[in-house]
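Notes follow the structure.
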Amino acid sequence: MGRIKRTLVAAALATTVVAGTAGWAAGSEQTAVTGPPAGAAEWRADHSLHRTLPDPATATPRAVAAFFAGLTEDRRKDLAARHALVVGNLDGAPVTLRYEANARAIAAEREKALARAGNAGLPRAVREEARKRADHCERLLAPGRRILAFDPRGRGQVAEVSGDLATARHTAVVVPGSDVDLATFDRTHDRYGTPAGMAAALRSEMERRAPGTPTAVIAWAGYTTPVGLGVDAATGRLAQAGAARLERLLAGLAAAAASPAAPPPAVFCHSYGSVVCGLAAPSVDRTEAADLVALGSPGMRAGSVKELRTGARVWAAARNSSDWIGNVPNVDLFGLGHGADPTSPEFGARIVPTGGAHGHTGYFAPGTDSLRNFADIALGAYASVG
């Protein structure tokens, strides 16, 4: 009987989405940003080193790391200055070089946005949007910020490091869900629902739990997220594109690791981000991610941990009663819905207690059991989780 009920609910969900009625029609369809970074053609045509540069579309992060390891510091910096968008987004390149390249790329995007904002020939709405983009870029350029990736195409994608990857003994990656882009990456309201806020809170808790231990957390908004609750949020199309990017990020971190002895990161997958992680899981082994943690998850496009086919430990944060994601049917019918509930016993994930967390975006709030447990997972203190 339960199966019949779930099927009927799924059919209703499918009808709602396809017909474009009710809340599920509130989102707008997005075009996923895929492929190599902007400027890749110019990079490929650069023969200043009298050798072929690694193709951003096909070179593995390990090959990229080997390429940069064979260059002098001056040649590295020269490439970063002339091809900022490519080097800044090239997984496997030295992280400090990527920070420098992205600072250049962000400054260039800010100037471009300011020029549009000051162009009286453009519609007012366009100029206002350009002014906002310039402001967002300005915030990313604040002293001390370490931007690991910046792609201005579409709504804009950003990845930022909290801490020092070069010295960290324990690292983590935060993969956010819907409605995240350049404009919302570090918005001031609902701070712990933003990638930057989640990462900062997690690193602070890791420092509190293990004083003196070098740590780093990456806030990774490196894929095109759904907007609202439309078809994009109910299907895996954008997640599939994001999964390929997440796989490359993790492979790049492993290839460029300053200390091969340091354990691989724990990956925290929030909301639609857990769909991305679920689709990436089969390509992620224990050398690239020690743990995958789903929180506020609508499903991971798998029926069980076994179906994820990953070497990483899989955890699921217990859903708090005020998290609206609990109202989303855990089904997969005609490509709509994301499958089994990761918190269900049948799924087989290790459950993370979340006492004190409220709402869909409250799992990283200071003082919650969820944040404390997340920090212990990231630190490898598994016996303390509970």
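Every chain in the structure tokens takes a letter, A first, then B, and so on in the order presented; its residues are numbered from 1, and the ligands are numbered from 1 following the presented order.
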
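Residues with any atom within 8 Å of Gln240 of chain A, counting only C-alpha atoms and excluding same-chain neighbours fewer than 3 positions away, are Gly236, Arg237, Ala243, Ala244, Val276, Leu279 and Ala280 of chain A.
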
Practice item. Write out as a PyMOL selection string the residues lying within 10 Å of segment 158-163 of chain A, counting only C-alpha atoms and excluding same-chain residues fewer than 5 positions away. Key: chain A and resi 89+95+99+102+140+144-152+168+171-175+180-183+185+195-196+199-204+214-223

Per-residue nearest contacts of segment 175-267 of chain A to segment 60-75 of chain A (8 Å; only C-alpha atoms) as a Markdown table:
```
| residue | atom | partner | partner_atom | distance |
| --- | --- | --- | --- | --- |
| A:Arg248 | CA | A:Pro61 | CA | 7.2 |
| A:Ala251 | CA | A:Pro61 | CA | 6.3 |
| A:Gly252 | CA | A:Pro61 | CA | 4.8 |
| A:Ala255 | CA | A:Arg62 | CA | 5.0 |
| A:Ala256 | CA | A:Ala65 | CA | 6.0 |
```

Revision key, fill the gap. Atom CA of Arg313 of chain A sits from atom CA of Pro282 of chain A at a separation of 12.4 Å

Which segment 118-191 of chain A residues have any atom within 12 Å of an atom of segment 355-369 of chain A, and for each, what is the nearest pair of atoms with distance in Å to one decimal, counting only C-alpha atoms, rows sorted by chain and number, as a tab-separated table?
```
residue	atom	partner	partner_atom	distance
A:Val174	CA	A:Phe364	CA	10.6
A:Pro176	CA	A:Thr361	CA	10.1
A:Gly177	CA	A:Thr361	CA	10.1
A:Ser178	CA	A:Thr361	CA	11.4
A:His189	CA	A:Thr361	CA	11.5
A:Asp190	CA	A:Thr361	CA	7.7
A:Arg191	CA	A:Ala365	CA	8.8
```

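The interatomic distance for the pair atom CA of Ala93 of chain A and atom CA of Gly35 of chain A works out to 17.2 Å.
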
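For the pair atom CA of Ala316 of chain A and atom CA of Gly337 of chain A, the separation is 18.0 Å.
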
**Study point:** Expected answer as a PyMOL selection string: helix (DSSP H, G or I) residues in segment 228-385 of chain A
**Key:** chain A and resi 231-234+237-255+272-283+305-308+324-327+369-378+382-384

For segment 123-138 of chain A, find every residue with an atom within 12 Å (counting only C-alpha atoms), except residues of its own chain fewer than 5 positions away, and show them as a tab-separated table (two decimals) with all heavy atoms, in the first residue's frame.
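Output (result.tsv):
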```
chain	number	residue	atom	x	y	z
A	102	ASN	N	42.64	34.57	-9.83
A	102	ASN	CA	41.23	34.93	-9.63
A	102	ASN	C	41.08	36.36	-9.14
A	102	ASN	O	40.08	37.02	-9.47
A	102	ASN	CB	40.58	33.95	-8.66
A	102	ASN	CG	40.27	32.62	-9.34
A	102	ASN	OD1	39.79	32.59	-10.46
A	102	ASN	ND2	40.58	31.52	-8.67
A	103	ALA	N	42.04	36.87	-8.39
A	103	ALA	CA	41.98	38.27	-7.99
A	103	ALA	C	42.01	39.17	-9.23
A	103	ALA	O	41.27	40.16	-9.33
A	103	ALA	CB	43.14	38.61	-7.05
A	104	ARG	N	42.84	38.79	-10.21
A	104	ARG	CA	42.89	39.55	-11.47
A	104	ARG	C	41.57	39.43	-12.23
A	104	ARG	O	41.04	40.42	-12.74
A	104	ARG	CB	44.02	39.02	-12.36
A	104	ARG	CG	45.42	39.34	-11.89
A	104	ARG	CD	46.45	38.70	-12.81
A	104	ARG	NE	47.81	39.00	-12.43
A	104	ARG	CZ	48.48	40.07	-12.84
A	104	ARG	NH1	47.91	40.92	-13.67
A	104	ARG	NH2	49.73	40.28	-12.44
A	105	ALA	N	41.06	38.21	-12.32
A	105	ALA	CA	39.82	37.99	-13.08
A	105	ALA	C	38.64	38.72	-12.44
A	105	ALA	O	37.80	39.29	-13.14
A	105	ALA	CB	39.53	36.50	-13.16
A	106	ILE	N	38.57	38.72	-11.12
A	106	ILE	CA	37.48	39.40	-10.43
A	106	ILE	C	37.58	40.90	-10.60
A	106	ILE	O	36.58	41.59	-10.83
A	106	ILE	CB	37.48	39.02	-8.93
A	106	ILE	CG1	37.16	37.53	-8.77
A	106	ILE	CG2	36.46	39.85	-8.16
A	106	ILE	CD1	37.45	36.99	-7.38
A	107	ALA	N	38.80	41.43	-10.52
A	107	ALA	CA	39.00	42.87	-10.73
A	107	ALA	C	38.58	43.26	-12.14
A	107	ALA	O	37.95	44.31	-12.35
A	107	ALA	CB	40.46	43.24	-10.48
A	108	ALA	N	38.90	42.42	-13.12
A	108	ALA	CA	38.52	42.71	-14.50
A	108	ALA	C	37.01	42.66	-14.66
A	108	ALA	O	36.42	43.51	-15.36
A	108	ALA	CB	39.18	41.70	-15.44
A	109	GLU	N	36.36	41.71	-14.02
A	109	GLU	CA	34.90	41.62	-14.09
A	109	GLU	C	34.24	42.81	-13.41
A	109	GLU	O	33.23	43.34	-13.88
A	109	GLU	CB	34.42	40.31	-13.45
A	109	GLU	CG	32.92	40.09	-13.49
A	109	GLU	CD	32.37	39.89	-14.89
A	109	GLU	OE1	33.16	39.62	-15.82
A	109	GLU	OE2	31.13	40.01	-15.06
A	110	ARG	N	34.82	43.26	-12.31
A	110	ARG	CA	34.30	44.45	-11.63
A	110	ARG	C	34.37	45.66	-12.54
A	110	ARG	O	33.40	46.43	-12.65
A	110	ARG	CB	35.11	44.70	-10.36
A	110	ARG	CG	34.66	45.96	-9.59
A	110	ARG	CD	35.68	46.33	-8.53
A	110	ARG	NE	37.01	46.56	-9.12
A	110	ARG	CZ	38.12	46.74	-8.42
A	110	ARG	NH1	38.09	46.69	-7.09
A	110	ARG	NH2	39.27	46.95	-9.02
A	111	GLU	N	35.50	45.85	-13.21
A	111	GLU	CA	35.63	47.01	-14.10
A	111	GLU	C	34.65	46.93	-15.27
A	111	GLU	O	34.08	47.93	-15.69
A	111	GLU	CB	37.07	47.10	-14.62
A	111	GLU	CG	38.10	47.39	-13.54
A	111	GLU	CD	37.72	48.60	-12.69
A	111	GLU	OE1	37.44	49.66	-13.28
A	111	GLU	OE2	37.69	48.48	-11.46
A	112	LYS	N	34.45	45.74	-15.78
A	112	LYS	CA	33.49	45.55	-16.86
A	112	LYS	C	32.07	45.89	-16.40
A	112	LYS	O	31.31	46.56	-17.10
A	112	LYS	CB	33.55	44.10	-17.35
A	112	LYS	CG	32.72	43.83	-18.61
A	112	LYS	CD	32.68	42.34	-18.93
A	112	LYS	CE	34.06	41.77	-19.14
A	112	LYS	NZ	34.02	40.32	-19.51
A	113	ALA	N	31.75	45.45	-15.18
A	113	ALA	CA	30.42	45.74	-14.64
A	113	ALA	C	30.24	47.22	-14.37
A	113	ALA	O	29.17	47.79	-14.62
A	113	ALA	CB	30.20	44.93	-13.36
A	114	LEU	N	31.28	47.87	-13.87
A	114	LEU	CA	31.19	49.31	-13.61
A	114	LEU	C	30.99	50.10	-14.90
A	114	LEU	O	30.25	51.10	-14.93
A	114	LEU	CB	32.46	49.79	-12.89
A	114	LEU	CG	32.59	49.41	-11.42
A	114	LEU	CD1	33.96	49.81	-10.89
A	114	LEU	CD2	31.48	50.05	-10.59
A	115	ALA	N	31.64	49.66	-15.97
A	115	ALA	CA	31.47	50.33	-17.27
A	115	ALA	C	30.02	50.20	-17.74
A	115	ALA	O	29.45	51.17	-18.26
A	115	ALA	CB	32.42	49.72	-18.29
A	116	ARG	N	29.42	49.04	-17.55
A	116	ARG	CA	28.01	48.85	-17.93
A	116	ARG	C	27.10	49.68	-17.04
A	116	ARG	O	26.11	50.26	-17.50
A	116	ARG	CB	27.63	47.37	-17.84
A	116	ARG	CG	28.21	46.53	-18.97
A	116	ARG	CD	27.91	45.05	-18.79
A	116	ARG	NE	26.49	44.76	-18.82
A	116	ARG	CZ	25.76	44.65	-19.92
A	116	ARG	NH1	26.33	44.85	-21.10
A	116	ARG	NH2	24.48	44.35	-19.86
A	117	ALA	N	27.44	49.74	-15.76
A	117	ALA	CA	26.61	50.51	-14.83
A	117	ALA	C	26.62	51.99	-15.16
A	117	ALA	O	25.63	52.72	-14.92
A	117	ALA	CB	27.11	50.30	-13.40
A	118	GLY	N	27.72	52.46	-15.75
A	118	GLY	CA	27.83	53.87	-16.08
A	118	GLY	C	27.44	54.21	-17.50
A	118	GLY	O	27.56	55.37	-17.93
A	143	PRO	N	40.65	42.25	1.33
A	143	PRO	CA	41.93	41.66	1.77
A	143	PRO	C	41.70	40.39	2.59
A	143	PRO	O	40.80	40.31	3.42
A	143	PRO	CB	42.53	42.78	2.64
A	143	PRO	CG	41.92	44.04	2.12
A	143	PRO	CD	40.52	43.67	1.71
A	145	ARG	N	40.75	37.42	1.49
A	145	ARG	CA	39.90	36.40	0.89
A	145	ARG	C	40.70	35.58	-0.12
A	145	ARG	O	41.51	36.12	-0.89
A	145	ARG	CB	38.67	37.02	0.23
A	145	ARG	CG	37.80	37.78	1.22
A	145	ARG	CD	36.43	38.10	0.68
A	145	ARG	NE	35.57	36.91	0.66
A	145	ARG	CZ	34.24	36.97	0.45
A	145	ARG	NH1	33.66	38.13	0.24
A	145	ARG	NH2	33.53	35.86	0.45
A	147	ILE	N	40.14	33.20	-3.14
A	147	ILE	CA	39.17	32.70	-4.11
A	147	ILE	C	39.82	31.62	-4.97
A	147	ILE	O	40.72	31.89	-5.76
A	147	ILE	CB	38.63	33.85	-4.98
A	147	ILE	CG1	38.09	34.98	-4.08
A	147	ILE	CG2	37.54	33.34	-5.90
A	147	ILE	CD1	37.01	34.55	-3.10
A	150	PHE	N	36.64	31.27	-9.93
A	150	PHE	CA	35.73	32.37	-10.26
A	150	PHE	C	35.40	32.28	-11.74
A	150	PHE	O	36.27	32.35	-12.59
A	150	PHE	CB	36.36	33.73	-9.96
A	150	PHE	CG	35.52	34.89	-10.44
A	150	PHE	CD1	34.37	35.25	-9.76
A	150	PHE	CD2	35.88	35.60	-11.57
A	150	PHE	CE1	33.58	36.31	-10.20
A	150	PHE	CE2	35.11	36.66	-12.02
A	150	PHE	CZ	33.95	37.02	-11.34
A	151	ASP	N	34.12	32.07	-12.02
A	151	ASP	CA	33.64	31.98	-13.40
A	151	ASP	C	32.50	32.97	-13.56
A	151	ASP	O	31.42	32.79	-12.99
A	151	ASP	CB	33.16	30.56	-13.70
A	151	ASP	CG	32.92	30.34	-15.19
A	151	ASP	OD1	32.63	31.32	-15.91
A	151	ASP	OD2	32.98	29.17	-15.63
A	152	PRO	N	32.70	34.08	-14.31
A	152	PRO	CA	31.67	35.10	-14.43
A	152	PRO	C	30.54	34.75	-15.38
A	152	PRO	O	29.56	35.50	-15.48
A	152	PRO	CB	32.46	36.31	-14.94
A	152	PRO	CG	33.56	35.70	-15.75
A	152	PRO	CD	33.93	34.44	-15.03
A	153	ARG	N	30.65	33.64	-16.09
A	153	ARG	CA	29.60	33.29	-17.05
A	153	ARG	C	28.29	32.99	-16.35
A	153	ARG	O	28.26	32.52	-15.22
A	153	ARG	CB	30.05	32.08	-17.88
A	153	ARG	CG	31.24	32.36	-18.79
A	153	ARG	CD	31.68	31.11	-19.54
A	153	ARG	NE	32.19	30.08	-18.63
A	153	ARG	CZ	32.57	28.88	-19.02
A	153	ARG	NH1	32.48	28.53	-20.31
A	153	ARG	NH2	33.05	28.00	-18.15
A	154	GLY	N	27.20	33.28	-17.04
A	154	GLY	CA	25.88	33.04	-16.47
A	154	GLY	C	25.66	33.85	-15.21
A	154	GLY	O	25.95	35.05	-15.17
A	155	ARG	N	25.16	33.20	-14.15
A	155	ARG	CA	24.90	33.89	-12.89
A	155	ARG	C	26.15	34.03	-12.04
A	155	ARG	O	26.14	34.69	-11.00
A	155	ARG	CB	23.82	33.12	-12.10
A	155	ARG	CG	22.43	33.24	-12.69
A	155	ARG	CD	21.52	32.09	-12.32
A	155	ARG	NE	21.62	31.70	-10.93
A	155	ARG	CZ	21.47	30.46	-10.49
A	155	ARG	NH1	21.23	29.47	-11.33
A	155	ARG	NH2	21.57	30.18	-9.21
A	156	GLY	N	27.25	33.42	-12.50
A	156	GLY	CA	28.51	33.54	-11.77
A	156	GLY	C	28.71	32.40	-10.78
A	156	GLY	O	27.79	32.02	-10.06
A	157	GLN	N	29.93	31.84	-10.77
A	157	GLN	CA	30.27	30.75	-9.86
A	157	GLN	C	31.53	31.12	-9.09
A	157	GLN	O	32.43	31.76	-9.63
A	157	GLN	CB	30.48	29.45	-10.64
A	157	GLN	CG	29.24	28.99	-11.39
A	157	GLN	CD	29.48	27.76	-12.24
A	157	GLN	OE1	30.55	27.16	-12.20
A	157	GLN	NE2	28.48	27.37	-13.01
A	158	VAL	N	31.57	30.68	-7.83
A	158	VAL	CA	32.67	31.06	-6.94
A	158	VAL	C	33.03	29.89	-6.03
A	158	VAL	O	32.16	29.13	-5.61
A	158	VAL	CB	32.28	32.26	-6.04
A	158	VAL	CG1	33.48	32.70	-5.20
A	158	VAL	CG2	31.75	33.42	-6.86
A	181	ASP	N	24.67	31.58	-6.24
A	181	ASP	CA	25.49	32.07	-7.35
A	181	ASP	C	26.35	33.20	-6.84
A	181	ASP	O	26.47	33.39	-5.62
A	181	ASP	CB	24.60	32.50	-8.53
A	181	ASP	CG	23.49	33.46	-8.12
A	181	ASP	OD1	23.68	34.22	-7.14
A	181	ASP	OD2	22.42	33.46	-8.76
A	182	LEU	N	26.94	33.97	-7.75
A	182	LEU	CA	27.80	35.08	-7.35
A	182	LEU	C	27.06	36.06	-6.44
A	182	LEU	O	27.61	36.56	-5.46
A	182	LEU	CB	28.31	35.81	-8.60
A	182	LEU	CG	29.10	37.11	-8.38
A	182	LEU	CD1	30.35	36.86	-7.55
A	182	LEU	CD2	29.46	37.75	-9.71
A	183	ALA	N	25.78	36.32	-6.73
A	183	ALA	CA	25.02	37.31	-5.97
A	183	ALA	C	24.68	36.84	-4.56
A	183	ALA	O	24.51	37.66	-3.66
A	183	ALA	CB	23.74	37.67	-6.72
A	184	THR	N	24.55	35.52	-4.36
A	184	THR	CA	24.10	35.01	-3.06
A	184	THR	C	25.17	34.23	-2.32
A	184	THR	O	24.91	33.70	-1.24
A	184	THR	CB	22.86	34.11	-3.25
A	184	THR	OG1	23.21	33.02	-4.13
A	184	THR	CG2	21.70	34.88	-3.86
A	185	PHE	N	26.35	34.16	-2.88
A	185	PHE	CA	27.43	33.35	-2.31
A	185	PHE	C	27.70	33.70	-0.85
A	185	PHE	O	27.91	32.83	-0.01
A	185	PHE	CB	28.70	33.52	-3.14
A	185	PHE	CG	29.88	32.74	-2.63
A	185	PHE	CD1	29.98	31.38	-2.87
A	185	PHE	CD2	30.90	33.38	-1.92
A	185	PHE	CE1	31.07	30.65	-2.40
A	185	PHE	CE2	31.99	32.66	-1.47
A	185	PHE	CZ	32.08	31.29	-1.70
A	186	ASP	N	27.73	34.98	-0.54
A	186	ASP	CA	28.01	35.40	0.84
A	186	ASP	C	27.06	36.51	1.28
A	186	ASP	O	27.46	37.47	1.93
A	186	ASP	CB	29.46	35.83	1.00
A	186	ASP	CG	29.84	36.97	0.05
A	186	ASP	OD1	28.99	37.36	-0.79
A	186	ASP	OD2	30.97	37.48	0.14
A	187	ARG	N	25.78	36.36	0.92
A	187	ARG	CA	24.80	37.36	1.32
A	187	ARG	C	24.78	37.50	2.84
A	187	ARG	O	25.10	36.56	3.57
A	187	ARG	CB	23.41	37.01	0.80
A	187	ARG	CG	22.85	35.71	1.34
A	187	ARG	CD	21.47	35.40	0.78
A	187	ARG	NE	20.94	34.16	1.36
A	187	ARG	CZ	21.04	32.97	0.81
A	187	ARG	NH1	21.64	32.85	-0.37
A	187	ARG	NH2	20.55	31.91	1.41
A	188	THR	N	24.38	38.65	3.34
A	188	THR	CA	24.44	38.91	4.77
A	188	THR	C	23.25	38.34	5.52
A	188	THR	O	23.37	38.02	6.70
A	188	THR	CB	24.53	40.42	5.03
A	188	THR	OG1	23.45	41.09	4.34
A	188	THR	CG2	25.85	40.98	4.50
```

Check your understanding: Contacts of Arg319 of chain A at 8 Å or less, counting only C-alpha atoms, minus same-chain residues fewer than 4 places along, as a ChimeraX atom specification?
Key -> /A:295-296,323,326,343,354

Go ahead and dump the residues you just picked, C-alpha atoms, as a PDB file, in the first residue's frame.
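Result file follows (out-v7.pdb):
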```
ATOM      1  CA  LEU A 295      21.980  17.342   4.926  1.00  0.00           C
ATOM      2  CA  GLY A 296      18.564  18.763   4.155  1.00  0.00           C
ATOM      3  CA  ASP A 323      12.954  21.636   7.523  1.00  0.00           C
ATOM      4  CA  GLY A 326      10.641  16.771   4.575  1.00  0.00           C
ATOM      5  CA  THR A 343      18.013   9.438   6.492  1.00  0.00           C
ATOM      6  CA  THR A 354      21.243  17.619  14.544  1.00  0.00           C
TER       7      THR A 354
END
```

Exercise for review: Find the residues around segment 306-312 of chain A up to 6 Å (only C-alpha atoms counted), leave out those fewer than 2 positions away in its own chain, and share them as a ChimeraX atom specification.
Suggested key: /A:281-282,285-286,289-291,302,304
